[in-house]
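Novice: Input structure: protein-v2.cif, which contains mmCIF, C-alpha atoms (C1' of nucleotides).
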```cif
data_query
loop_
_atom_site.label_atom_id
_atom_site.label_comp_id
_atom_site.auth_asym_id
_atom_site.auth_seq_id
_atom_site.Cartn_x
_atom_site.Cartn_y
_atom_site.Cartn_z
CA MET A 1 -32.84 -20.69 6.57
CA LEU A 2 -31.32 -21.98 3.41
CA ARG A 3 -33.47 -25.05 3.32
CA GLY A 4 -36.35 -25.78 1.04
CA SER A 5 -37.43 -23.23 -1.50
CA ALA A 6 -36.52 -20.25 0.66
CA SER A 7 -33.46 -19.58 -1.44
CA LYS A 8 -31.84 -16.19 -1.10
CA LEU A 9 -31.91 -15.97 -4.86
CA GLU A 10 -35.66 -16.35 -5.16
CA ALA A 11 -37.25 -13.12 -6.20
CA GLU A 12 -39.42 -11.76 -3.43
CA PRO A 13 -42.01 -9.14 -4.16
CA LEU A 14 -40.30 -5.79 -3.80
CA ILE A 15 -43.13 -4.56 -1.64
CA THR A 16 -42.42 -7.08 1.10
CA LEU A 17 -38.70 -6.84 0.61
CA PHE A 18 -38.27 -3.10 0.89
CA GLY A 19 -41.61 -1.83 2.10
CA MET A 20 -41.92 0.17 -1.08
CA SER A 21 -43.71 -0.44 -4.32
CA LYS A 22 -41.27 1.35 -6.55
CA LEU A 23 -37.52 1.58 -6.76
CA LYS A 24 -36.41 5.13 -6.13
CA ARG A 25 -33.60 6.07 -8.47
CA LEU A 26 -30.69 7.99 -7.01
CA PRO A 27 -30.69 11.53 -8.44
CA ALA A 28 -27.82 13.47 -10.02
CA LYS A 29 -27.22 15.24 -6.73
CA PHE A 30 -26.20 11.97 -5.09
CA TYR A 31 -23.21 11.66 -7.41
CA HIS A 32 -21.97 15.16 -6.66
CA GLN A 33 -20.28 14.21 -3.42
CA ASN A 34 -16.62 13.86 -2.68
CA THR A 35 -15.40 10.52 -4.07
CA PHE A 36 -14.51 9.00 -0.71
CA LYS A 37 -17.78 10.01 0.90
CA LEU A 38 -19.62 8.69 -2.10
CA ALA A 39 -17.73 5.37 -2.02
CA LYS A 40 -19.09 4.91 1.51
CA SER A 41 -22.56 6.25 0.68
CA LEU A 42 -22.84 3.64 -2.06
CA LEU A 43 -22.70 0.80 0.46
CA GLY A 44 -26.22 -0.53 0.94
CA LYS A 45 -27.60 1.10 -2.20
CA PHE A 46 -29.13 -1.02 -4.96
CA ILE A 47 -27.84 -1.64 -8.45
CA VAL A 48 -30.72 -2.14 -10.85
CA ARG A 49 -30.07 -3.87 -14.16
CA LYS A 50 -32.88 -4.28 -16.66
CA ILE A 51 -32.50 -6.73 -19.52
CA GLY A 52 -35.64 -6.74 -21.62
CA SER A 53 -38.48 -7.60 -19.25
CA LYS A 54 -36.12 -9.06 -16.66
CA ILE A 55 -34.79 -7.13 -13.73
CA LEU A 56 -31.81 -7.88 -11.54
CA ILE A 57 -31.28 -6.11 -8.23
CA GLY A 58 -28.19 -6.28 -6.05
CA LYS A 59 -27.13 -4.49 -2.90
CA ILE A 60 -23.69 -2.88 -2.99
CA VAL A 61 -21.48 -4.25 -0.20
CA GLU A 62 -17.95 -3.34 -1.33
CA THR A 63 -16.44 -0.37 -3.21
CA GLU A 64 -13.03 1.04 -4.06
CA ALA A 65 -12.09 4.67 -4.80
CA TYR A 66 -9.70 5.77 -7.55
CA TYR A 67 -8.91 9.42 -7.17
CA GLY A 68 -7.13 11.83 -9.47
CA SER A 69 -4.23 11.49 -11.88
CA LYS A 70 -1.67 11.26 -9.06
CA ASP A 71 -3.21 7.98 -7.88
CA LEU A 72 -0.79 5.48 -9.43
CA ALA A 73 -3.38 2.71 -9.11
CA SER A 74 -5.79 4.62 -11.34
CA HIS A 75 -5.97 4.17 -15.09
CA ALA A 76 -6.05 7.96 -15.22
CA SER A 77 -2.53 8.20 -13.80
CA ARG A 78 -1.24 8.04 -17.34
CA GLY A 79 -3.49 10.76 -18.60
CA LYS A 80 -6.54 11.00 -20.77
CA THR A 81 -6.64 8.27 -23.41
CA GLU A 82 -9.30 6.66 -25.54
CA ARG A 83 -10.05 4.25 -22.68
CA THR A 84 -9.85 6.65 -19.74
CA LYS A 85 -11.62 9.65 -21.22
CA ILE A 86 -14.85 8.51 -19.49
CA MET A 87 -13.18 9.05 -16.12
CA PHE A 88 -12.63 12.68 -17.08
CA GLY A 89 -16.32 13.08 -17.85
CA PRO A 90 -19.31 13.94 -15.67
CA ALA A 91 -20.20 12.24 -12.39
CA GLY A 92 -22.85 9.56 -12.56
CA THR A 93 -21.50 7.89 -15.70
CA ALA A 94 -20.60 4.20 -15.94
CA TYR A 95 -16.94 3.45 -16.67
CA ILE A 96 -16.60 -0.15 -17.80
CA TYR A 97 -13.41 -1.78 -18.98
CA LEU A 98 -12.08 -5.24 -19.78
CA ILE A 99 -9.53 -6.58 -17.32
CA TYR A 100 -7.13 -9.47 -17.83
CA GLY A 101 -8.71 -10.17 -21.16
CA MET A 102 -11.73 -11.89 -19.63
CA TYR A 103 -13.65 -9.86 -17.08
CA TYR A 104 -15.37 -6.53 -17.04
CA CYS A 105 -15.27 -4.07 -14.16
CA PHE A 106 -18.06 -1.61 -13.39
CA ASN A 107 -17.17 1.82 -12.03
CA ILE A 108 -19.09 4.97 -11.30
CA VAL A 109 -17.44 8.19 -12.43
CA THR A 110 -17.24 10.92 -9.79
CA GLU A 111 -16.07 14.53 -9.36
CA ALA A 112 -16.22 17.49 -11.73
CA LYS A 113 -15.42 17.17 -15.40
CA GLU A 114 -11.69 16.94 -16.14
CA PHE A 115 -10.93 15.60 -12.67
CA PRO A 116 -10.50 11.85 -13.22
CA ALA A 117 -12.01 9.76 -10.47
CA ALA A 118 -14.25 6.73 -10.18
CA ILE A 119 -15.55 4.14 -7.77
CA LEU A 120 -15.14 0.46 -8.58
CA ILE A 121 -18.03 -1.73 -7.47
CA ARG A 122 -16.26 -4.77 -6.03
CA ALA A 123 -19.12 -6.83 -4.63
CA ILE A 124 -22.89 -6.93 -4.36
CA GLN A 125 -25.40 -9.08 -2.54
CA PRO A 126 -27.92 -10.72 -4.89
CA ILE A 127 -31.38 -9.45 -3.93
CA SER A 128 -33.70 -10.31 -6.79
CA GLY A 129 -33.61 -11.97 -10.19
CA PHE A 130 -30.37 -13.94 -9.86
CA LYS A 131 -31.79 -17.41 -10.17
CA GLN A 132 -30.76 -17.82 -13.80
CA ALA A 133 -27.33 -16.40 -13.12
CA ALA A 134 -26.94 -18.98 -10.36
CA LEU A 135 -28.00 -21.77 -12.71
CA ASN A 136 -25.51 -20.60 -15.30
CA TYR A 137 -22.82 -20.51 -12.66
CA LYS A 138 -23.70 -23.97 -11.45
CA ILE A 139 -23.25 -25.35 -14.94
CA LYS A 140 -19.91 -23.63 -15.38
CA THR A 141 -18.36 -24.76 -12.14
CA LYS A 142 -17.72 -27.93 -10.25
CA PHE A 143 -19.14 -26.86 -6.92
CA ASN A 144 -20.93 -30.05 -5.82
CA ASN A 145 -24.25 -28.21 -6.14
CA SER A 146 -23.82 -26.43 -2.85
CA GLU A 147 -26.54 -23.78 -2.92
CA PHE A 148 -24.91 -21.79 -0.16
CA ARG A 149 -21.50 -21.74 -1.82
CA ILE A 150 -23.00 -20.67 -5.12
CA GLN A 151 -25.13 -17.91 -3.66
CA ASN A 152 -22.16 -16.46 -1.90
CA SER A 153 -19.87 -16.82 -4.88
CA LEU A 154 -21.97 -15.31 -7.63
CA THR A 155 -21.19 -11.61 -7.18
CA ASN A 156 -18.33 -11.37 -4.66
CA GLY A 157 -15.82 -9.75 -6.97
CA PRO A 158 -15.77 -7.00 -9.61
CA GLY A 159 -15.49 -9.40 -12.54
CA LYS A 160 -18.05 -11.82 -11.17
CA LEU A 161 -20.74 -9.24 -10.52
CA CYS A 162 -20.41 -7.93 -14.06
CA ARG A 163 -20.80 -11.46 -15.37
CA ALA A 164 -23.92 -12.00 -13.25
CA LEU A 165 -25.43 -8.64 -14.24
CA LYS A 166 -24.43 -8.98 -17.90
CA ILE A 167 -22.51 -5.74 -17.78
CA ASP A 168 -20.03 -5.34 -20.61
CA LYS A 169 -18.38 -2.72 -22.81
CA LYS A 170 -21.71 -1.86 -24.43
CA LEU A 171 -22.71 -0.11 -21.22
CA ASN A 172 -19.52 1.93 -21.03
CA GLY A 173 -20.50 5.58 -20.80
CA GLU A 174 -24.08 4.83 -19.73
CA ASN A 175 -25.65 7.70 -17.81
CA LEU A 176 -26.88 6.23 -14.53
CA ILE A 177 -29.07 9.25 -13.90
CA ASN A 178 -31.43 8.45 -16.76
CA SER A 179 -30.52 5.02 -18.14
CA LYS A 180 -33.30 2.45 -18.39
CA LYS A 181 -30.84 -0.45 -18.44
CA LEU A 182 -28.54 0.31 -15.54
CA PHE A 183 -28.98 2.62 -12.57
CA LEU A 184 -28.75 2.87 -8.81
CA ALA A 185 -31.61 3.06 -6.34
CA GLU A 186 -32.20 4.16 -2.78
CA ASN A 187 -32.32 1.71 0.11
CA PRO A 188 -34.87 2.78 2.72
CA LEU A 189 -32.75 1.00 5.30
CA LYS A 190 -29.89 3.37 6.05
CA THR A 191 -26.36 2.08 6.36
CA ASN A 192 -24.71 3.12 9.60
CA SER A 193 -21.07 4.22 9.39
CA SER A 194 -20.30 1.79 12.20
CA GLN A 195 -21.00 -1.02 9.71
CA ILE A 196 -18.31 0.20 7.31
CA LYS A 197 -14.70 -0.96 7.29
CA SER A 198 -11.84 0.61 5.32
CA ALA A 199 -9.02 -1.45 3.84
CA LYS A 200 -6.25 -1.43 1.27
CA ARG A 201 -7.32 -1.73 -2.33
CA ILE A 202 -6.86 -5.06 -4.07
CA GLY A 203 -4.58 -5.86 -6.99
CA VAL A 204 -2.65 -2.59 -7.03
CA ASP A 205 0.75 -3.60 -5.64
CA TYR A 206 2.45 -1.72 -8.46
CA ALA A 207 1.05 1.63 -7.30
CA GLY A 208 3.95 2.84 -5.12
CA LYS A 209 2.78 4.71 -2.03
CA TYR A 210 -0.78 4.60 -3.34
CA LYS A 211 -0.93 0.84 -2.90
CA ASP A 212 -1.42 1.22 0.83
CA LYS A 213 -4.21 3.81 0.76
CA LEU A 214 -7.27 2.64 2.67
CA TRP A 215 -9.60 3.40 -0.20
CA ARG A 216 -11.56 0.16 -0.18
CA TYR A 217 -14.78 0.11 1.82
CA TYR A 218 -17.05 -2.77 2.73
CA LEU A 219 -19.92 -3.73 5.00
CA LYS A 220 -18.16 -5.68 7.70
CA ASN A 221 -21.01 -8.03 8.50
CA SER A 222 -21.69 -8.96 4.87
CA GLU A 223 -21.09 -12.51 3.63
CA PHE A 224 -20.95 -11.21 0.08
CA ILE A 225 -17.71 -9.21 0.03
CA SER A 226 -14.69 -10.27 -2.06
CA LYS A 227 -12.20 -10.11 0.80
CA LYS A 228 -12.04 -9.17 4.48
"C1'" DC B 1 -4.29 -22.73 5.71
"C1'" DC B 2 -1.15 -20.73 1.78
"C1'" DT B 3 1.26 -19.89 -2.95
"C1'" DG B 4 1.63 -20.00 -7.90
"C1'" DG B 5 0.25 -20.34 -12.57
"C1'" DG B 6 -3.03 -20.31 -16.58
"C1'" DA B 7 -6.82 -18.24 -19.18
"C1'" DT B 8 -7.48 -14.39 -22.63
"C1'" DT B 9 -7.40 -9.71 -25.11
"C1'" DT B 10 -7.22 -4.75 -24.82
"C1'" DT B 11 -4.34 -0.99 -23.96
"C1'" DC B 12 -0.29 1.47 -23.84
"C1'" DT B 13 4.91 1.77 -24.48
"C1'" DG C 1 5.81 -6.94 -26.25
"C1'" DA C 2 4.36 -6.43 -21.37
"C1'" DA C 3 1.07 -5.56 -18.11
"C1'" DA C 4 -3.36 -5.61 -16.40
"C1'" DA C 5 -8.49 -2.27 -10.64
"C1'" DT C 6 -9.54 -10.95 -11.92
"C1'" DC C 7 -10.84 -15.52 -11.11
"C1'" DC C 8 -10.22 -20.40 -10.66
"C1'" DC C 9 -7.85 -24.43 -9.61
"C1'" DA C 10 -3.96 -27.38 -8.29
"C1'" DG C 11 -0.52 -28.54 -5.12
"C1'" DG C 12 2.01 -28.24 -0.73
"C1'" DA C 13 2.19 -27.51 4.37
#
```
When written as C-alpha coordinates, how does the structure in this file appear?
Specialist:
Amino acid sequence: MLRGSASKLEAEPLITLFGMSKLKRLPAKFYHQNTFKLAKSLLGKFIVRKIGSKILIGKIVETEAYYGSKDLASHASRGKTERTKIMFGPAGTAYIYLIYGMYYCFNIVTEAKEFPAAILIRAIQPISGFKQAALNYKIKTKFNNSEFRIQNSLTNGPGKLCRALKIDKKLNGENLINSKKLFLAENPLKTNSSQIKSAKRIGVDYAGKYKDKLWRYYLKNSEFISKK
DNA sequence: CCTGGGATTTTCT
DNA sequence: GAAAATCCCAGGA
(Lines of atoms letter the chains of each structure in order from A and count residues from 1; the text may use other names and numbers.)
(Lines give C-alpha, C1' and ligand atoms only; values in the text may rest on other atoms or scores of the structure.)
Protein backbone atom coordinates (compact mmCIF):
# COMPACT_ATOMS: atom_id res chain seq x y z
CA MET A 1 0.00 0.00 0.00
CA LEU A 2 2.99 2.24 0.18
CA ARG A 3 4.03 1.58 -3.36
CA GLY A 4 3.75 3.87 -6.32
CA SER A 5 2.20 7.27 -5.91
CA ALA A 6 -0.25 6.17 -3.24
CA SER A 7 1.79 7.89 -0.57
CA LYS A 8 0.12 8.52 2.76
CA LEU A 9 1.30 12.08 2.49
CA GLU A 10 -0.46 12.79 -0.77
CA ALA A 11 -3.36 15.12 -0.25
CA GLU A 12 -6.61 13.35 -0.95
CA PRO A 13 -9.75 15.33 -1.56
CA LEU A 14 -11.34 15.91 1.81
CA ILE A 15 -14.67 14.76 0.45
CA THR A 16 -13.42 11.25 -0.21
CA LEU A 17 -11.29 11.22 2.88
CA PHE A 18 -13.88 12.20 5.44
CA GLY A 19 -17.17 12.03 3.61
CA MET A 20 -17.63 15.71 4.25
CA SER A 21 -17.03 18.77 2.16
CA LYS A 22 -16.11 21.09 4.98
CA LEU A 23 -14.05 20.79 8.11
CA LYS A 24 -16.24 21.28 11.14
CA ARG A 25 -14.45 23.34 13.74
CA LEU A 26 -14.71 22.22 17.35
CA PRO A 27 -16.78 24.78 19.30
CA ALA A 28 -15.96 26.48 22.60
CA LYS A 29 -18.13 23.96 24.42
CA PHE A 30 -15.76 21.16 23.46
CA TYR A 31 -12.96 22.74 25.48
CA HIS A 32 -15.07 23.08 28.60
CA GLN A 33 -14.62 19.49 29.69
CA ASN A 34 -12.52 18.13 32.50
CA THR A 35 -8.87 18.08 31.40
CA PHE A 36 -8.49 14.30 31.52
CA LYS A 37 -11.69 13.66 29.63
CA LEU A 38 -10.68 16.25 27.10
CA ALA A 39 -7.20 14.74 26.68
CA LYS A 40 -8.94 11.51 25.63
CA SER A 41 -11.61 13.27 23.55
CA LEU A 42 -8.86 14.94 21.56
CA LEU A 43 -7.63 11.61 20.22
CA GLY A 44 -8.86 11.22 16.65
CA LYS A 45 -9.68 14.91 16.22
CA PHE A 46 -7.99 16.96 13.50
CA ILE A 47 -5.51 19.77 13.86
CA VAL A 48 -5.92 22.26 11.03
CA ARG A 49 -3.06 24.61 10.24
CA LYS A 50 -3.45 27.21 7.51
CA ILE A 51 -0.38 28.95 6.13
CA GLY A 52 -1.40 31.36 3.41
CA SER A 53 -3.28 29.30 0.83
CA LYS A 54 -1.82 26.03 2.11
CA ILE A 55 -3.54 23.80 4.57
CA LEU A 56 -2.09 21.06 6.73
CA ILE A 57 -4.30 18.53 8.48
CA GLY A 58 -3.20 15.99 11.07
CA LYS A 59 -5.06 13.54 13.25
CA ILE A 60 -4.23 13.66 16.96
CA VAL A 61 -2.99 10.27 18.18
CA GLU A 62 -1.22 11.10 21.46
CA THR A 63 -1.82 13.65 24.24
CA GLU A 64 -0.59 14.41 27.74
CA ALA A 65 -2.42 16.22 30.56
CA TYR A 66 -0.84 18.78 32.89
CA TYR A 67 -3.20 19.58 35.69
CA GLY A 68 -3.09 22.28 38.34
CA SER A 69 -0.29 23.95 40.25
CA LYS A 70 0.31 20.88 42.43
CA ASP A 71 1.40 18.87 39.37
CA LEU A 72 5.17 19.08 39.71
CA ALA A 73 5.60 18.21 36.03
CA SER A 74 3.64 21.30 35.01
CA HIS A 75 5.25 24.63 34.27
CA ALA A 76 2.48 26.09 36.42
CA SER A 77 3.80 24.33 39.51
CA ARG A 78 5.97 27.36 40.15
CA GLY A 79 3.15 29.81 39.83
CA LYS A 80 2.02 32.35 37.32
CA THR A 81 4.93 33.86 35.39
CA GLU A 82 5.37 35.67 32.11
CA ARG A 83 5.65 32.30 30.36
CA THR A 84 2.93 30.39 32.19
CA LYS A 85 0.26 33.07 32.39
CA ILE A 86 -1.40 31.56 29.28
CA MET A 87 -2.08 28.38 31.24
CA PHE A 88 -4.06 30.44 33.73
CA GLY A 89 -6.19 31.85 30.92
CA PRO A 90 -9.34 30.59 29.22
CA ALA A 91 -9.82 27.09 27.80
CA GLY A 92 -9.31 26.72 24.08
CA THR A 93 -6.17 28.84 23.90
CA ALA A 94 -2.86 27.64 22.44
CA TYR A 95 0.05 27.50 24.88
CA ILE A 96 3.30 27.24 22.94
CA TYR A 97 6.76 27.29 24.44
CA LEU A 98 10.34 26.62 23.41
CA ILE A 99 11.88 23.49 24.89
CA TYR A 100 15.57 22.59 25.09
CA GLY A 101 16.40 25.68 23.11
CA MET A 102 15.35 24.11 19.81
CA TYR A 103 11.83 22.76 19.68
CA TYR A 104 8.39 24.13 20.25
CA CYS A 105 5.59 22.31 22.03
CA PHE A 106 1.91 22.87 21.31
CA ASN A 107 -0.59 22.67 24.15
CA ILE A 108 -4.27 23.39 24.52
CA VAL A 109 -5.26 25.30 27.64
CA THR A 110 -8.11 23.79 29.64
CA GLU A 111 -10.23 24.47 32.74
CA ALA A 112 -11.61 27.71 34.14
CA LYS A 113 -9.56 30.88 34.27
CA GLU A 114 -6.98 30.92 37.07
CA PHE A 115 -6.85 27.12 37.21
CA PRO A 116 -3.65 26.27 35.30
CA ALA A 117 -4.01 23.22 33.10
CA ALA A 118 -3.18 22.23 29.55
CA ILE A 119 -2.93 19.30 27.20
CA LEU A 120 0.30 18.71 25.30
CA ILE A 121 -0.17 17.35 21.78
CA ARG A 122 2.53 14.70 21.56
CA ALA A 123 1.88 13.12 18.17
CA ILE A 124 -0.31 13.40 15.10
CA GLN A 125 -0.85 11.34 11.98
CA PRO A 126 -0.23 13.33 8.78
CA ILE A 127 -3.50 13.41 6.83
CA SER A 128 -3.15 16.10 4.21
CA GLY A 129 -0.63 18.66 2.99
CA PHE A 130 2.55 17.18 4.48
CA LYS A 131 4.39 16.47 1.27
CA GLN A 132 6.61 19.53 1.53
CA ALA A 133 7.29 18.88 5.19
CA ALA A 134 8.38 15.37 4.23
CA LEU A 135 10.68 16.73 1.54
CA ASN A 136 12.22 19.16 3.99
CA TYR A 137 12.72 16.34 6.45
CA LYS A 138 14.30 14.15 3.81
CA ILE A 139 16.85 16.83 3.06
CA LYS A 140 17.67 17.33 6.71
CA THR A 141 18.19 13.70 7.58
CA LYS A 142 20.19 10.76 6.41
CA PHE A 143 17.36 8.26 6.20
CA ASN A 144 18.25 6.40 2.98
CA ASN A 145 15.12 7.84 1.36
CA SER A 146 12.85 5.35 3.04
CA GLU A 147 9.38 6.75 2.40
CA PHE A 148 7.85 4.64 5.13
CA ARG A 149 10.38 5.69 7.75
CA ILE A 150 9.96 9.34 6.88
CA GLN A 151 6.17 9.27 6.91
CA ASN A 152 6.17 7.70 10.32
CA SER A 153 8.84 9.98 11.68
CA LEU A 154 7.55 13.37 10.63
CA THR A 155 5.13 14.12 13.47
CA ASN A 156 5.66 11.44 16.14
CA GLY A 157 6.78 13.76 18.90
CA PRO A 158 5.77 17.15 20.32
CA GLY A 159 8.76 18.99 18.87
CA LYS A 160 8.55 17.26 15.51
CA LEU A 161 4.88 17.97 14.92
CA CYS A 162 5.42 21.66 15.64
CA ARG A 163 8.26 21.69 13.14
CA ALA A 164 6.08 20.02 10.50
CA LEU A 165 3.12 22.33 11.17
CA LYS A 166 5.30 25.44 11.45
CA ILE A 167 3.99 26.17 14.90
CA ASP A 168 6.16 28.55 16.88
CA LYS A 169 6.01 31.25 19.55
CA LYS A 170 4.07 33.56 17.23
CA LEU A 171 1.03 31.34 17.73
CA ASN A 172 1.30 31.40 21.52
CA GLY A 173 -2.02 32.61 22.90
CA GLU A 174 -3.93 31.89 19.67
CA ASN A 175 -7.63 31.36 20.26
CA LEU A 176 -8.48 27.99 18.70
CA ILE A 177 -12.17 28.79 18.77
CA ASN A 178 -11.89 31.52 16.15
CA SER A 179 -8.34 31.46 14.74
CA LYS A 180 -7.97 31.22 10.98
CA LYS A 181 -4.42 29.88 11.24
CA LEU A 182 -4.73 27.11 13.81
CA PHE A 183 -7.76 25.23 15.07
CA LEU A 184 -9.20 21.81 15.74
CA ALA A 185 -11.89 20.03 13.77
CA GLU A 186 -14.34 17.20 14.26
CA ASN A 187 -13.69 13.70 12.98
CA PRO A 188 -16.90 12.04 11.80
CA LEU A 189 -15.32 8.71 12.69
CA LYS A 190 -15.70 8.41 16.45
CA THR A 191 -12.84 7.15 18.56
CA ASN A 192 -13.85 4.26 20.79
CA SER A 193 -12.49 4.29 24.34
CA SER A 194 -11.31 0.72 23.79
CA GLN A 195 -8.73 2.16 21.35
CA ILE A 196 -7.19 4.40 24.02
CA LYS A 197 -4.27 3.47 26.24
CA SER A 198 -3.05 5.40 29.29
CA ALA A 199 0.63 5.63 30.21
CA LYS A 200 3.15 7.59 32.22
CA ARG A 201 4.08 10.98 30.87
CA ILE A 202 7.43 11.36 29.12
CA GLY A 203 10.39 13.44 30.23
CA VAL A 204 9.12 14.32 33.70
CA ASP A 205 11.30 12.18 35.96
CA TYR A 206 11.95 15.18 38.19
CA ALA A 207 8.26 15.49 39.13
CA GLY A 208 8.24 13.45 42.37
CA LYS A 209 5.06 11.42 42.80
CA TYR A 210 3.58 13.13 39.75
CA LYS A 211 6.08 11.44 37.46
CA ASP A 212 4.15 8.19 37.62
CA LYS A 213 0.68 9.59 36.90
CA LEU A 214 -0.93 7.87 33.92
CA TRP A 215 -1.77 11.14 32.23
CA ARG A 216 -0.53 10.29 28.75
CA TYR A 217 -3.08 8.91 26.31
CA TYR A 218 -2.62 7.41 22.88
CA LEU A 219 -4.40 5.41 20.21
CA LYS A 220 -2.95 1.97 20.72
CA ASN A 221 -3.17 0.84 17.12
CA SER A 222 -1.54 3.98 15.70
CA GLU A 223 1.86 3.80 13.99
CA PHE A 224 2.30 7.51 14.56
CA ILE A 225 2.72 7.77 18.33
CA SER A 226 5.99 8.87 19.94
CA LYS A 227 6.25 5.91 22.30
CA LYS A 228 4.30 2.80 23.31
C1' DC B 1 18.21 -4.22 21.70
C1' DC B 2 20.00 -0.37 25.05
C1' DT B 3 22.51 3.94 27.06
C1' DG B 4 24.62 8.42 26.84
C1' DG B 5 25.81 12.83 25.11
C1' DG B 6 25.38 17.05 22.14
C1' DA B 7 22.65 20.75 20.07
C1' DT B 8 20.73 25.38 21.49
C1' DT B 9 18.27 29.29 24.08
C1' DT B 10 14.64 30.72 27.15
C1' DT B 11 13.23 30.80 31.76
C1' DC B 12 13.71 30.94 36.47
C1' DT B 13 16.71 30.85 40.77
C1' DG C 1 24.25 29.32 36.23
C1' DA C 2 21.25 25.20 35.80
C1' DA C 3 17.52 22.97 33.96
C1' DA C 4 14.38 22.04 30.52
C1' DA C 5 6.87 18.66 28.87
C1' DT C 6 13.08 16.98 22.81
C1' DC C 7 15.38 14.83 19.15
C1' DC C 8 19.14 12.62 16.82
C1' DC C 9 23.05 9.89 16.46
C1' DA C 10 26.95 7.05 17.98
C1' DG C 11 28.61 3.20 20.35
C1' DG C 12 28.23 -1.14 22.96
C1' DA C 13 25.91 -5.63 23.98
Novice: What residues come out when you apply the PyMOL selection byres ((chain A) within 8 of (chain C)) to this file, written as a ChimeraX atom specification?
Specialist: /A:73-74,99-100,103,105,120,158-159,202-204
Novice: Taking all atoms listed in the file into account, which of A:Tyr218, A:Phe30, A:Tyr95, A:Tyr104 comes nearest chain B?
Specialist: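 Going through A:Tyr218, A:Phe30, A:Tyr95, A:Tyr104 one by one, the smallest distance to chain B is for A:Tyr104.
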Novice: Using 7 Å as the limit and counting only C-alpha atoms (C1' of nucleotides), can you tabulate each residue of chain B that touches chain A, with its shortest atom-to-atom distance in Å and the two atoms involved, as JSON lines?
Specialist:
```
{"residue": "B:DT8", "atom": "C1'", "partner": "A:Gly101", "partner_atom": "CA", "distance": 4.6}
{"residue": "B:DT9", "atom": "C1'", "partner": "A:Gly101", "partner_atom": "CA", "distance": 4.2}
{"residue": "B:DT10", "atom": "C1'", "partner": "A:Gly101", "partner_atom": "CA", "distance": 6.7}
```
Novice: Got a sec: who's within 10 Å of region 164-166 of chain A, counting all atoms listed in the file, leaving out chain neighbours fewer than 6 positions off, as a ChimeraX atom specification?
Specialist: /A:47-51,55-58,104,126,129-130,132-134,136-137,154-155,182
Novice: Residue by residue, what does the PyMOL selection byres ((chain A and resi 153) around 10) grab here? Present the result as a PyMOL selection string.
Specialist: chain A and resi 125+134+137+147-152+154-157+160-161+223-226
Novice: Rounded to one decimal place, report the CA of Lys220 (chain A)-CA of Leu189 (chain A) distance in Å.
Specialist: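 Between these atoms lies a distance of 16.2 Å.
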